[in-house]
Each structure stands twice: as structure tokens, then as C-alpha cells.
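Engineer: Sharing target.pdb (PDB, C-alpha atoms) below.
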ATOM      1  CA  GLY A  58      55.228 -54.986 -18.692
ATOM      2  CA  ILE A  59      52.333 -54.912 -21.191
ATOM      3  CA  ILE A  60      49.389 -52.591 -20.401
ATOM      4  CA  PRO A  61      46.192 -54.556 -21.003
ATOM      5  CA  PRO A  62      43.513 -52.995 -23.189
ATOM      6  CA  PRO A  63      40.343 -51.626 -21.572
ATOM      7  CA  ARG A  64      38.048 -54.427 -20.480
ATOM      8  CA  ARG A  65      34.729 -55.028 -22.123
ATOM      9  CA  ARG A  66      31.699 -55.151 -19.853
ATOM     10  CA  VAL A  67      28.190 -56.280 -20.604
ATOM     11  CA  GLY A  68      25.328 -54.207 -19.236
ATOM     12  CA  PRO A  69      23.083 -56.341 -17.029
ATOM     13  CA  GLY A  70      20.219 -57.791 -18.986
ATOM     14  CA  LEU A  71      21.046 -55.767 -22.060
ATOM     15  CA  GLY A  72      23.414 -58.066 -23.900
ATOM     16  CA  VAL A  73      25.265 -55.045 -25.210
ATOM     17  CA  ALA A  74      29.005 -54.684 -24.981
ATOM     18  CA  VAL A  75      30.125 -51.311 -23.706
ATOM     19  CA  ARG A  76      33.704 -50.090 -23.910
ATOM     20  CA  VAL A  77      34.623 -48.180 -20.777
ATOM     21  CA  GLY A  78      37.366 -45.630 -21.227
ATOM     22  CA  VAL A  79      38.025 -42.029 -20.428
ATOM     23  CA  SER A  80      40.128 -39.780 -22.591
ATOM     24  CA  VAL A  81      41.704 -36.591 -21.397
ATOM     25  CA  ARG A  82      41.942 -33.437 -23.497
ATOM     26  CA  VAL A  83      43.996 -30.387 -22.739
ATOM     27  CA  SER A  84      42.896 -27.183 -24.426
ATOM     28  CA  VAL A  85      45.198 -24.409 -25.527
ATOM     29  CA  GLY A  86      44.296 -22.382 -22.466
ATOM     30  CA  GLY A  87      45.310 -25.211 -20.186
ATOM     31  CA  ARG A  88      41.759 -26.300 -19.258
ATOM     32  CA  VAL A  89      41.406 -30.030 -18.711
ATOM     33  CA  GLY A  90      38.157 -31.653 -19.768
ATOM     34  CA  LEU A  91      36.874 -35.195 -19.635
ATOM     35  CA  GLY A  92      36.099 -36.756 -22.996
ATOM     36  CA  LEU A  93      32.461 -37.466 -22.218
ATOM     37  CA  GLY A  94      31.030 -35.629 -25.176
ATOM     38  CA  LEU A  95      29.825 -32.679 -23.044
ATOM     39  CA  HIS A  96      28.958 -29.372 -24.635
ATOM     40  CA  PRO A  97      31.153 -26.539 -23.295
ATOM     41  CA  ALA A  98      28.066 -24.897 -21.741
ATOM     42  CA  ALA A  99      27.488 -28.009 -19.651
ATOM     43  CA  MET A 100      30.967 -27.634 -18.211
ATOM     44  CA  GLY A 101      30.072 -24.356 -16.559
ATOM     45  CA  ASN A 102      31.415 -21.959 -19.180
ATOM     46  CA  SER A 103      30.039 -18.815 -17.551
ATOM     47  CA  SER A 104      31.709 -16.521 -20.035
ATOM     48  CA  SER A 105      29.475 -17.793 -22.798
ATOM     49  CA  SER A 106      26.259 -18.996 -21.125
ATOM     50  CA  GLY A 107      25.956 -16.383 -18.344
ATOM     51  CA  GLY A 108      25.974 -13.389 -20.650
ATOM     52  CA  LYS A 109      23.507 -15.001 -23.008
ATOM     53  CA  GLY A 110      21.224 -15.840 -20.061
ATOM     54  CA  LYS A 111      21.240 -12.252 -18.860
ATOM     55  CA  ASP A 112      20.473 -10.928 -22.325
ATOM     56  CA  LYS A 113      17.666 -13.448 -22.618
ATOM     57  CA  ASN A 114      16.148 -12.284 -19.302
ATOM     58  CA  ILE A 115      16.322  -8.651 -20.379
ATOM     59  CA  LYS A 116      14.644  -9.450 -23.681
ATOM     60  CA  HIS A 117      11.997 -11.472 -21.857
ATOM     61  CA  GLY A 118      11.322  -8.541 -19.489
ATOM     62  CA  ARG A 119      10.921  -6.161 -22.389
ATOM     63  CA  SER A 120       8.636  -8.602 -24.129
ATOM     64  CA  VAL A 121       6.423  -8.918 -21.023
ATOM     65  CA  LEU A 122       6.239  -5.137 -20.654
ATOM     66  CA  LYS A 123       5.341  -4.765 -24.324
ATOM     67  CA  GLN A 124       2.550  -7.302 -23.969
ATOM     68  CA  LYS A 125       1.195  -5.569 -20.863
ATOM     69  CA  LEU A 126       1.152  -2.220 -22.655
ATOM     70  CA  GLN A 127      -0.649  -3.709 -25.645
ATOM     71  CA  ARG A 128      -3.313  -5.259 -23.432
ATOM     72  CA  ALA A 129      -3.685  -2.000 -21.516
ATOM     73  CA  ARG A 130      -4.585  -0.135 -24.707
ATOM     74  CA  ALA A 131      -7.487  -2.499 -25.202
ATOM     75  CA  ALA A 132      -8.587  -3.048 -21.599
ATOM     76  CA  GLY A 133      -7.845   0.367 -20.084
ATOM     77  CA  GLN A 134      -6.039  -1.285 -17.151
ATOM     78  CA  LEU A 135      -2.312  -1.676 -16.539
ATOM     79  CA  ASN A 136      -0.577  -3.604 -13.759
ATOM     80  CA  LEU A 137       3.190  -3.161 -13.492
ATOM     81  CA  ASP A 138       3.573  -4.343  -9.894
ATOM     82  CA  GLY A 139       6.943  -5.749  -8.889
ATOM     83  CA  GLN A 140       8.749  -5.096 -12.169
ATOM     84  CA  GLY A 141      11.830  -3.471 -10.635
ATOM     85  CA  LEU A 142      10.999  -0.179 -12.354
ATOM     86  CA  LYS A 143      12.972   2.940 -11.475
ATOM     87  CA  ALA A 144      10.709   5.165 -13.555
ATOM     88  CA  LEU A 145       7.286   4.938 -15.156
ATOM     89  CA  PRO A 146       7.711   3.756 -18.775
ATOM     90  CA  GLY A 147       7.133   6.610 -21.198
ATOM     91  CA  GLU A 148       4.743   4.475 -23.241
ATOM     92  CA  VAL A 149       2.227   4.610 -20.398
ATOM     93  CA  MET A 150       1.616   8.309 -21.039
ATOM     94  CA  ALA A 151       0.384   7.480 -24.545
ATOM     95  CA  ILE A 152      -2.450   5.224 -23.310
ATOM     96  CA  ALA A 153      -5.101   7.925 -23.182
ATOM     97  CA  ASN A 154      -7.945   5.563 -22.251
ATOM     98  CA  ILE A 155      -6.260   4.037 -19.204
ATOM     99  CA  LYS A 156      -8.555   3.957 -16.163
ATOM    100  CA  VAL A 157      -6.652   1.784 -13.671
ATOM    101  CA  LEU A 158      -2.880   2.020 -13.166
ATOM    102  CA  SER A 159      -0.947   0.001 -10.585
ATOM    103  CA  VAL A 160       2.840   0.225 -10.155
ATOM    104  CA  ASN A 161       3.228  -1.108  -6.614
ATOM    105  CA  ASN A 162       6.454  -2.611  -5.250
ATOM    106  CA  ASN A 163       8.937  -0.926  -7.548
ATOM    107  CA  LYS A 164      11.807   1.555  -7.078
ATOM    108  CA  ILE A 165      10.211   4.652  -8.566
ATOM    109  CA  LYS A 166      11.429   7.941  -7.088
ATOM    110  CA  GLU A 167       9.439  10.321  -9.255
ATOM    111  CA  LEU A 168       6.309  10.297 -11.388
ATOM    112  CA  PRO A 169       6.007  12.420 -14.552
ATOM    113  CA  GLU A 170       4.665  15.898 -13.798
ATOM    114  CA  GLU A 171       2.251  15.599 -16.710
ATOM    115  CA  LEU A 172       0.727  12.349 -15.434
ATOM    116  CA  GLY A 173      -2.422  14.012 -14.117
ATOM    117  CA  ALA A 174      -2.933  16.161 -17.195
ATOM    118  CA  GLU A 175      -2.214  13.450 -19.779
ATOM    119  CA  LEU A 176      -4.162  10.552 -18.252
ATOM    120  CA  ARG A 177      -7.481  12.343 -17.845
ATOM    121  CA  ASN A 178      -9.493   9.108 -17.777
ATOM    122  CA  LEU A 179      -7.514   7.671 -14.879
ATOM    123  CA  LYS A 180      -9.830   6.618 -12.030
ATOM    124  CA  ARG A 181      -7.582   4.491  -9.819
ATOM    125  CA  LEU A 182      -3.873   4.993  -9.192
ATOM    126  CA  SER A 183      -1.825   2.756  -6.883
ATOM    127  CA  VAL A 184       1.880   3.449  -6.292
ATOM    128  CA  ASP A 185       2.394   1.657  -2.966
ATOM    129  CA  VAL A 186       5.868   0.645  -1.771
ATOM    130  CA  ASN A 187       8.079   2.819  -3.946
ATOM    131  CA  ARG A 188      10.518   5.646  -3.165
ATOM    132  CA  LEU A 189       8.346   8.634  -4.010
ATOM    133  CA  GLU A 190       9.011  11.915  -2.247
ATOM    134  CA  ALA A 191       6.169  13.746  -3.971
ATOM    135  CA  LEU A 192       3.115  13.231  -6.162
ATOM    136  CA  PRO A 193       2.349  15.253  -9.296
ATOM    137  CA  ASP A 194      -0.523  17.714  -9.421
ATOM    138  CA  PHE A 195      -3.719  15.743 -10.088
ATOM    139  CA  SER A 196      -6.136  18.641  -9.640
ATOM    140  CA  GLY A 197      -6.959  18.649 -13.364
ATOM    141  CA  ASN A 198      -8.153  15.044 -13.325
ATOM    142  CA  MET A 199     -11.882  15.114 -12.626
ATOM    143  CA  LYS A 200     -12.406  11.338 -12.829
ATOM    144  CA  MET A 201      -9.953   9.973 -10.259
ATOM    145  CA  THR A 202     -11.723   8.366  -7.309
ATOM    146  CA  HIS A 203      -9.014   6.231  -5.655
ATOM    147  CA  LEU A 204      -5.417   7.131  -4.819
ATOM    148  CA  SER A 205      -3.066   4.847  -2.906
ATOM    149  CA  ALA A 206       0.570   5.769  -2.221
ATOM    150  CA  THR A 207       1.375   3.902   0.988
ATOM    151  CA  GLU A 208       4.921   3.165   2.150
ATOM    152  CA  ASN A 209       6.767   5.916   0.329
ATOM    153  CA  VAL A 210       8.565   8.996   1.699
ATOM    154  CA  ILE A 211       6.065  11.670   0.671
ATOM    155  CA  SER A 212       6.430  14.870   2.683
ATOM    156  CA  LEU A 213       3.901  17.590   3.424
ATOM    157  CA  GLU A 214       5.289  19.696   0.584
ATOM    158  CA  GLY A 215       5.190  16.691  -1.737
ATOM    159  CA  LEU A 216       1.416  16.477  -1.804
ATOM    160  CA  MET A 217       0.180  19.062  -4.252
ATOM    161  CA  GLY A 218      -3.153  19.428  -6.005
ATOM    162  CA  LEU A 219      -5.711  16.643  -5.642
ATOM    163  CA  PRO A 220      -8.937  16.251  -7.641
ATOM    164  CA  PRO A 221     -12.194  16.925  -5.745
ATOM    165  CA  SER A 222     -13.570  13.679  -7.189
ATOM    166  CA  LEU A 223     -11.441  11.532  -4.844
ATOM    167  CA  GLU A 224     -13.400   9.137  -2.624
ATOM    168  CA  ALA A 225     -10.569   7.068  -1.094
ATOM    169  CA  VAL A 226      -7.038   8.175  -0.244
ATOM    170  CA  HIS A 227      -4.482   5.844   1.354
ATOM    171  CA  LEU A 228      -1.224   7.521   2.384
ATOM    172  CA  SER A 229      -0.078   5.379   5.293
ATOM    173  CA  ARG A 230       3.622   5.075   6.158
ATOM    174  CA  ASN A 231       4.837   8.352   4.674
ATOM    175  CA  ALA A 232       6.352  11.514   6.179
ATOM    176  CA  LEU A 233       3.465  14.001   6.155
ATOM    177  CA  GLY A 234       3.644  15.183   9.769
ATOM    178  CA  THR A 235       0.084  16.541   9.641
ATOM    179  CA  VAL A 236      -3.014  16.540   7.426
ATOM    180  CA  PRO A 237      -2.023  18.296   4.174
ATOM    181  CA  GLU A 238      -4.201  21.168   2.993
ATOM    182  CA  PRO A 239      -5.142  19.495  -0.324
ATOM    183  CA  LEU A 240      -6.824  16.689   1.641
ATOM    184  CA  LEU A 241      -9.108  19.201   3.329
ATOM    185  CA  LEU A 242     -10.551  20.162  -0.064
ATOM    186  CA  LEU A 243     -12.089  16.792  -0.943
ATOM    187  CA  PRO A 244     -15.880  16.971  -0.435
ATOM    188  CA  ARG A 245     -16.496  13.411  -1.710
ATOM    189  CA  LEU A 246     -13.896  11.733   0.474
ATOM    190  CA  VAL A 247     -15.274   8.560   2.095
ATOM    191  CA  SER A 248     -12.135   6.766   3.318
ATOM    192  CA  LEU A 249      -8.819   8.265   4.485
ATOM    193  CA  ASP A 250      -5.818   6.357   5.864
ATOM    194  CA  LEU A 251      -2.944   8.369   7.371
ATOM    195  CA  THR A 252      -1.420   5.611   9.491
ATOM    196  CA  GLY A 253       2.203   6.078  10.506
ATOM    197  CA  ASN A 254       2.814   9.687   9.422
ATOM    198  CA  ASN A 255       4.273  11.164  12.621
ATOM    199  CA  ILE A 256       1.136  13.264  13.166
ATOM    200  CA  CYS A 257       1.040  15.031  16.540
ATOM    201  CA  GLU A 258      -2.128  17.081  16.067
ATOM    202  CA  LEU A 259      -5.000  17.511  13.645
ATOM    203  CA  PRO A 260      -6.191  20.768  12.027
ATOM    204  CA  GLU A 261      -9.127  22.544  13.649
ATOM    205  CA  ASN A 262     -11.037  22.816  10.362
ATOM    206  CA  LEU A 263     -11.609  19.137   9.616
ATOM    207  CA  GLY A 264     -15.385  19.117   9.595
ATOM    208  CA  PRO A 265     -16.646  21.422   6.827
ATOM    209  CA  SER A 266     -15.034  19.667   3.848
ATOM    210  CA  TRP A 267     -15.465  16.069   4.962
ATOM    211  CA  GLN A 268     -19.216  15.641   5.149
ATOM    212  CA  SER A 269     -18.955  12.341   3.249
ATOM    213  CA  LEU A 270     -16.162  10.836   5.341
ATOM    214  CA  GLN A 271     -17.078   7.454   6.846
ATOM    215  CA  GLU A 272     -13.676   5.929   7.686
ATOM    216  CA  PHE A 273     -10.683   7.759   9.190
ATOM    217  CA  ILE A 274      -7.573   5.690  10.031
ATOM    218  CA  LEU A 275      -4.888   7.384  12.139
ATOM    219  CA  ASP A 276      -3.048   4.423  13.687
ATOM    220  CA  ASP A 277       0.605   4.647  14.767
ATOM    221  CA  ASN A 278       0.841   8.412  15.183
ATOM    222  CA  PHE A 279       1.464  10.674  18.205
ATOM    223  CA  LEU A 280      -1.977  12.152  18.846
ATOM    224  CA  THR A 281      -2.885  13.117  22.404
ATOM    225  CA  MET A 282      -6.100  14.986  21.580
ATOM    226  CA  LEU A 283      -8.686  15.350  18.823
ATOM    227  CA  PRO A 284     -10.140  18.718  17.726
ATOM    228  CA  GLU A 285     -13.736  19.734  18.493
ATOM    229  CA  SER A 286     -14.359  20.220  14.774
ATOM    230  CA  MET A 287     -14.539  16.443  14.334
ATOM    231  CA  CYS A 288     -18.090  16.584  15.683
ATOM    232  CA  GLU A 289     -19.030  17.974  12.253
ATOM    233  CA  LEU A 290     -18.159  14.685  10.550
ATOM    234  CA  ARG A 291     -21.808  13.722  10.217
ATOM    235  CA  ASN A 292     -21.210  10.418   8.428
ATOM    236  CA  LEU A 293     -18.153   9.162  10.308
ATOM    237  CA  LYS A 294     -18.631   5.532  11.355
ATOM    238  CA  THR A 295     -15.094   4.213  11.846
ATOM    239  CA  LEU A 296     -12.343   6.080  13.677
ATOM    240  CA  SER A 297      -9.141   4.126  14.310
ATOM    241  CA  LEU A 298      -6.562   5.606  16.675
ATOM    242  CA  LYS A 299      -4.521   2.534  17.567
ATOM    243  CA  ARG A 300      -1.109   3.096  19.131
ATOM    244  CA  ASN A 301      -1.350   6.839  19.700
ATOM    245  CA  ARG A 302      -0.917   8.749  22.996
ATOM    246  CA  ILE A 303      -4.474   9.424  24.124
ATOM    247  CA  GLY A 304      -4.557   9.169  27.901
ATOM    248  CA  PRO A 305      -7.113   9.358  30.765
ATOM    249  CA  LYS A 306      -9.356  12.355  31.287
ATOM    250  CA  PRO A 307      -7.373  15.123  33.057
ATOM    251  CA  ARG A 308      -8.681  16.827  36.186
ATOM    252  CA  ASP A 309      -8.508  20.179  34.450
ATOM    253  CA  GLY A 310      -8.717  20.711  30.710
ATOM    254  CA  PRO A 311     -10.366  18.944  27.769
ATOM    255  CA  GLN A 312     -10.444  15.187  27.393
ATOM    256  CA  GLY A 313      -8.518  13.567  24.548
ATOM    257  CA  ILE A 314     -11.705  12.558  22.694
ATOM    258  CA  PRO A 315     -14.235  15.426  22.595
ATOM    259  CA  GLU A 316     -17.670  14.749  24.035
ATOM    260  CA  SER A 317     -19.265  16.124  20.877
ATOM    261  CA  LEU A 318     -17.488  13.503  18.773
ATOM    262  CA  LEU A 319     -18.963  10.721  20.898
ATOM    263  CA  THR A 320     -22.484  12.165  20.980
ATOM    264  CA  SER A 321     -22.976  14.082  17.713
ATOM    265  CA  THR A 322     -21.478  11.703  15.163
ATOM    266  CA  PRO A 323     -22.619   8.190  14.166
ATOM    267  CA  VAL A 324     -19.244   6.681  15.139
ATOM    268  CA  GLN A 325     -19.720   2.979  15.834
ATOM    269  CA  ALA A 326     -16.168   1.606  15.618
ATOM    270  CA  LEU A 327     -13.692   3.489  17.789
ATOM    271  CA  GLU A 328     -10.336   1.704  17.969
ATOM    272  CA  LEU A 329      -8.037   2.736  20.849
ATOM    273  CA  GLU A 330      -5.802  -0.290  21.293
ATOM    274  CA  GLY A 331      -2.231   0.579  22.248
ATOM    275  CA  ASN A 332      -2.974   3.965  23.862
ATOM    276  CA  PRO A 333      -2.099   4.701  27.531
ATOM    277  CA  LEU A 334      -5.777   4.254  28.326
ATOM    278  CA  SER A 335      -7.820   1.542  30.039
ATOM    279  CA  LYS A 336     -11.466   0.660  29.655
ATOM    280  CA  GLU A 337     -12.134   2.205  33.057
ATOM    281  CA  ASP A 338     -10.391   5.428  31.970
ATOM    282  CA  LEU A 339     -12.524   5.652  28.858
ATOM    283  CA  MET A 340     -15.748   5.134  30.817
ATOM    284  CA  GLU A 341     -15.000   8.386  32.649
ATOM    285  CA  PHE A 342     -15.043  10.414  29.429
ATOM    286  CA  GLU A 343     -18.031  12.702  28.884
ATOM    287  CA  GLY A 344     -20.232  11.341  26.101
ATOM    288  CA  VAL A 345     -19.183   7.713  26.452
ATOM    289  CA  GLN A 346     -22.626   6.731  27.731
ATOM    290  CA  ALA A 347     -24.305   7.892  24.509
ATOM    291  CA  PHE A 348     -21.603   6.179  22.477
ATOM    292  CA  SER A 349     -22.105   2.916  24.407
ATOM    293  CA  GLU A 350     -25.864   2.995  23.892
ATOM    294  CA  ARG A 351     -25.414   3.520  20.169
ATOM    295  CA  ARG A 352     -23.051   0.539  20.003
ATOM    296  CA  LEU A 353     -25.464  -1.591  22.018
ATOM    297  CA  THR A 354     -28.253  -0.823  19.557
ATOM    298  CA  LEU A 355     -25.980  -1.805  16.673
ATOM    299  CA  LYS A 356     -24.970  -4.998  18.485
ATOM    300  CA  ASN A 357     -28.577  -6.029  19.006
ATOM    301  CA  LYS A 358     -29.378  -5.438  15.344
ATOM    302  CA  SER A 359     -26.347  -7.434  14.255
ATOM    303  CA  MET A 360     -27.174 -10.342  16.549
ATOM    304  CA  ALA A 361     -30.763 -10.367  15.327
ATOM    305  CA  GLY A 362     -29.483 -10.523  11.766
ATOM    306  CA  GLY A 363     -27.009 -13.297  12.556
ATOM    307  CA  ALA A 364     -23.930 -11.159  11.798
ATOM    308  CA  ALA A 365     -20.636 -12.179  13.414
ATOM    309  CA  THR A 366     -19.410  -8.762  14.517
ATOM    310  CA  SER A 367     -16.744  -8.040  17.129
ATOM    311  CA  PHE A 368     -17.912  -5.685  19.902
ATOM    312  CA  ASP A 369     -14.937  -5.520  22.230
ATOM    313  CA  PHE A 370     -14.884  -2.121  23.885
ATOM    314  CA  CYS A 371     -12.667  -0.066  21.569
ATOM    315  CA  GLY A 372      -9.868  -2.610  21.760
ATOM    316  CA  LEU A 373      -9.442  -1.990  25.497
ATOM    317  CA  ASP A 374     -11.033  -5.160  26.843
ATOM    318  CA  ALA A 375      -7.873  -7.252  26.863
TER     319      ALA A 375
END
Give the structure from the file, written as C-alpha cells.
Structural biologist:
Amino acid sequence: GIIPPPRRRVGPGLGVAVRVGVSVRVSVGGRVGLGLGLHPAAMGNSSSSGGKGKDKNIKHGRSVLKQKLQRARAAGQLNLDGQGLKALPGEVMAIANIKVLSVNNNKIKELPEELGAELRNLKRLSVDVNRLEALPDFSGNMKMTHLSATENVISLEGLMGLPPSLEAVHLSRNALGTVPEPLLLLPRLVSLDLTGNNICELPENLGPSWQSLQEFILDDNFLTMLPESMCELRNLKTLSLKRNRIGPKPRDGPQGIPESLLTSTPVQALELEGNPLSKEDLMEFEGVQAFSERRLTLKNKSMAGGAATSFDFCGLDA
């Protein structure tokens, strides 16, 4: 009837006696804990550690943002990609010398109206993958050369003034519906991407303002025909129309790709993959012969120079 005391065991090879015993404690609140000398936080006390952890993360985020802003004042560049921002931090507007600003992959719905007027030295702005419905008026910024606002919800009315200094504009995956008027007033524009904007037709007056345009990307739209005015794009080299609705040449009426575009422009890369059009259909278009000869000349030059260039016929070979 006598309870023996806890046995003493010797750790193997250590020669040290260790008393094995477990005590049980009951707190006032009824919580049972093992007497192993554990700190309450190690027992999963979320009420104390969880809140402190969250506060620590918030403080860390603010500290990182503060450091980025400080570096931006010295370097003139600021990258706030993937910070979970719902608005552009007000401190950004005070960095007058900023030249490059990137706030991709956030949750921003609106940019400050004074952004274009305040940041007059801004050359490159990237606001991809946000929730923007509109962009502020940038017409007063004479130094901006690159604007990227892909994967937002910008409407036709949401694109206001743009600076004539722009050379590259990327607005893919928005809700424009057509080519906005401000884009037609950019004489230095070299590259334009309007992929996935539900565009059914292009304006007739494309040519006059875009004499510098070399790359025009219109993939994933609903185009069935291109305007004759595109023959005025004297420097156009790449025209991508993947996954549109350009079909075979009709018996009566104009063909989907104007003859003048194929013969009067330096277009070398014409991408038509995903249209209801075969290689044989395209070969019946007026002007394709001149286009083919121009591509053949380019192919010969590339092969002579050892360049590894793809020359499938407009993506229609497969």
C-alpha cells in the first residue's frame, strides 16, 4: 500500500542521475499545464503572442516602406511592387526628383489627381495589376516616356491627358473598347500594346500621329478588319493580331488586311495565330506577294548574319 518514489535513471554514457517526474498545475482559469518549465508563449497562448506578432509585422512593413522612401529620395527610383497598398503613400508626392515609380501588384483603385503635376521629373510609371478605373491627367509632364498600366479596369473615359513625350504605352487587359483619343496625339510613340481590350474596330485616323510607331500589339480583341489609314505607319515593323476575327478574303468587299498595309509599310512581323484564317487564305490577299518578298529578304540577311530568327508564316504554318 506504499507508493514508491520516482525511480532514478542514469542517462546512457553520461553517468548523470536524472529524476523523472511530471507535475501538474491547474491555473485559476482551469487551464492544465505540464510542469516542464515552458514559457506560456510556447504553450500556444495566442491571446498574447498573436497580437504581438501582428503588431510586429505592421511595424516591420512601415519600417520597410520608410527605408524605400529614404532610398528613393537619393536614387530617384521607387519600387513598391506587391506591398498590398490600397492607395499611393502620400510621402511619394514629396519626392520631387523621382524618375522611376513602380507600384505593380497592389490593390490601388485610384491615383492622386496631382500625380502628373507634382512629379514633373517622372519618366517611367508602372501600375500593372491593380484596380484602377482611370489614370490622372499626365499632359503636363513633359519628361514621361514609358507608361504601363496593364491588367486594371481602365475605361475609355478613364484615360485622360497623356504627355506627347511618351514612347511606350502598355494598356493590355483593360476595358477601353477602342483606341482612346489621347493615344492618337502621341507623335513619339514607338510601342503600343492594347491586348485584350474588347476592341472591335480601329479609328480611321491612325496614321498621321504615329509616324514613329514600330510595334503595335492588338492580340485578343474582336477585329475583323483594319483601316486603310494604317498604310501611313511608315515605321511599323511588328503588327500582332493574334486571336482576333480576321477571316478569308471575301468575294465582294475589302479584305481584312488592306493591301496598302502589306505593300507600303515596312511590316516584317505579322502575327495572325488564332484567327479564322489559314495560310492558303492569306496567300489570296492582295499585297501578300510584296510582303512575302520583304520577309524573304530579311530572312536571307538574318541567316547570313547567323541570327536565329523564327520565320513561320504569320503564325499560320501549324
Engineer: Rank A:Leu275, A:Cys288, A:Ala132, A:Met282 by their smallest atom-to-atom distance to Leu263 (chain A), using only C-alpha atoms, and report the top residue only.
Structural biologist: A:Cys288
Engineer: Given the file shown, enumerate the residues that the PyMOL selection byres ((chain A and resi 335-339) around 6) captures and present them as an NGL selection string.
Structural biologist: :A and (305 or 334 or 340-342 or 373)
Engineer: Kindly resolve the PyMOL selection byres ((chain A and resi 211-219) around 9) on the present coordinates and return the residues as a PyMOL selection string.
Structural biologist: chain A and resi 188-198+206+208-210+220-223+228+230-240+242-243
Engineer: With only C-alpha atoms as the counted atoms, please give the residues lying no more than 10 Å from Pro169 (chain A), apart from itself and same-chain residues fewer than 4 positions off, as a PyMOL selection string.
Structural biologist: chain A and resi 144-147+150+173+175+192-194
Engineer: Closest to Met287 (chain A) among A:Gln134, A:Asn301, A:Gln124, A:Thr322, using all atoms listed in the file?
Structural biologist: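 Of A:Gln134, A:Asn301, A:Gln124, A:Thr322, the one nearest Met287 (chain A), counting all atoms listed in the file, is A:Thr322.
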Engineer: Here's the selection I'm unsure about, the PyMOL selection byres ((chain A and resi 269) around 7); applied to the file above, which residues does it give, as a list in words?
Structural biologist: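 Applying the PyMOL selection byres ((chain A and resi 269) around 7) to the structure shown produces Pro244, Arg245, Leu246, Val247, Trp267, Gln268, Leu270, Gln271 and Asn292 of chain A.
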Engineer: Which residue out of A:Arg130, A:Lys180, A:Gln312, A:Asp277 has the minimum interatomic distance to Ala153 (chain A) when all atoms listed in the file are used?
Structural biologist: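 Closest candidate: A:Arg130.
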Engineer: Between CA of Lys123 (chain A) and CA of Ala151 (chain A), measure the distance and give it in Å to one decimal.
Structural biologist: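 Between CA of Lys123 (chain A) and CA of Ala151 (chain A) the gap works out to 13.2 Å.
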Engineer: Where's the centre, and what are the edge lengths in Å to one decimal, of a box along x, y and z enclosing all listed atoms of region 335-340 of chain A padded 6 Å per side, as AutoDock Vina command-line options?
Structural biologist:
--center_x -11.8 --center_y 3.2 --center_z 31.0 --size_x 19.9 --size_y 17.0 --size_z 16.2
Engineer: State, in Å with one decimal place, the distance from CA of Leu158 (chain A) to CA of Leu251 (chain A).
Structural biologist: 21.5 Å
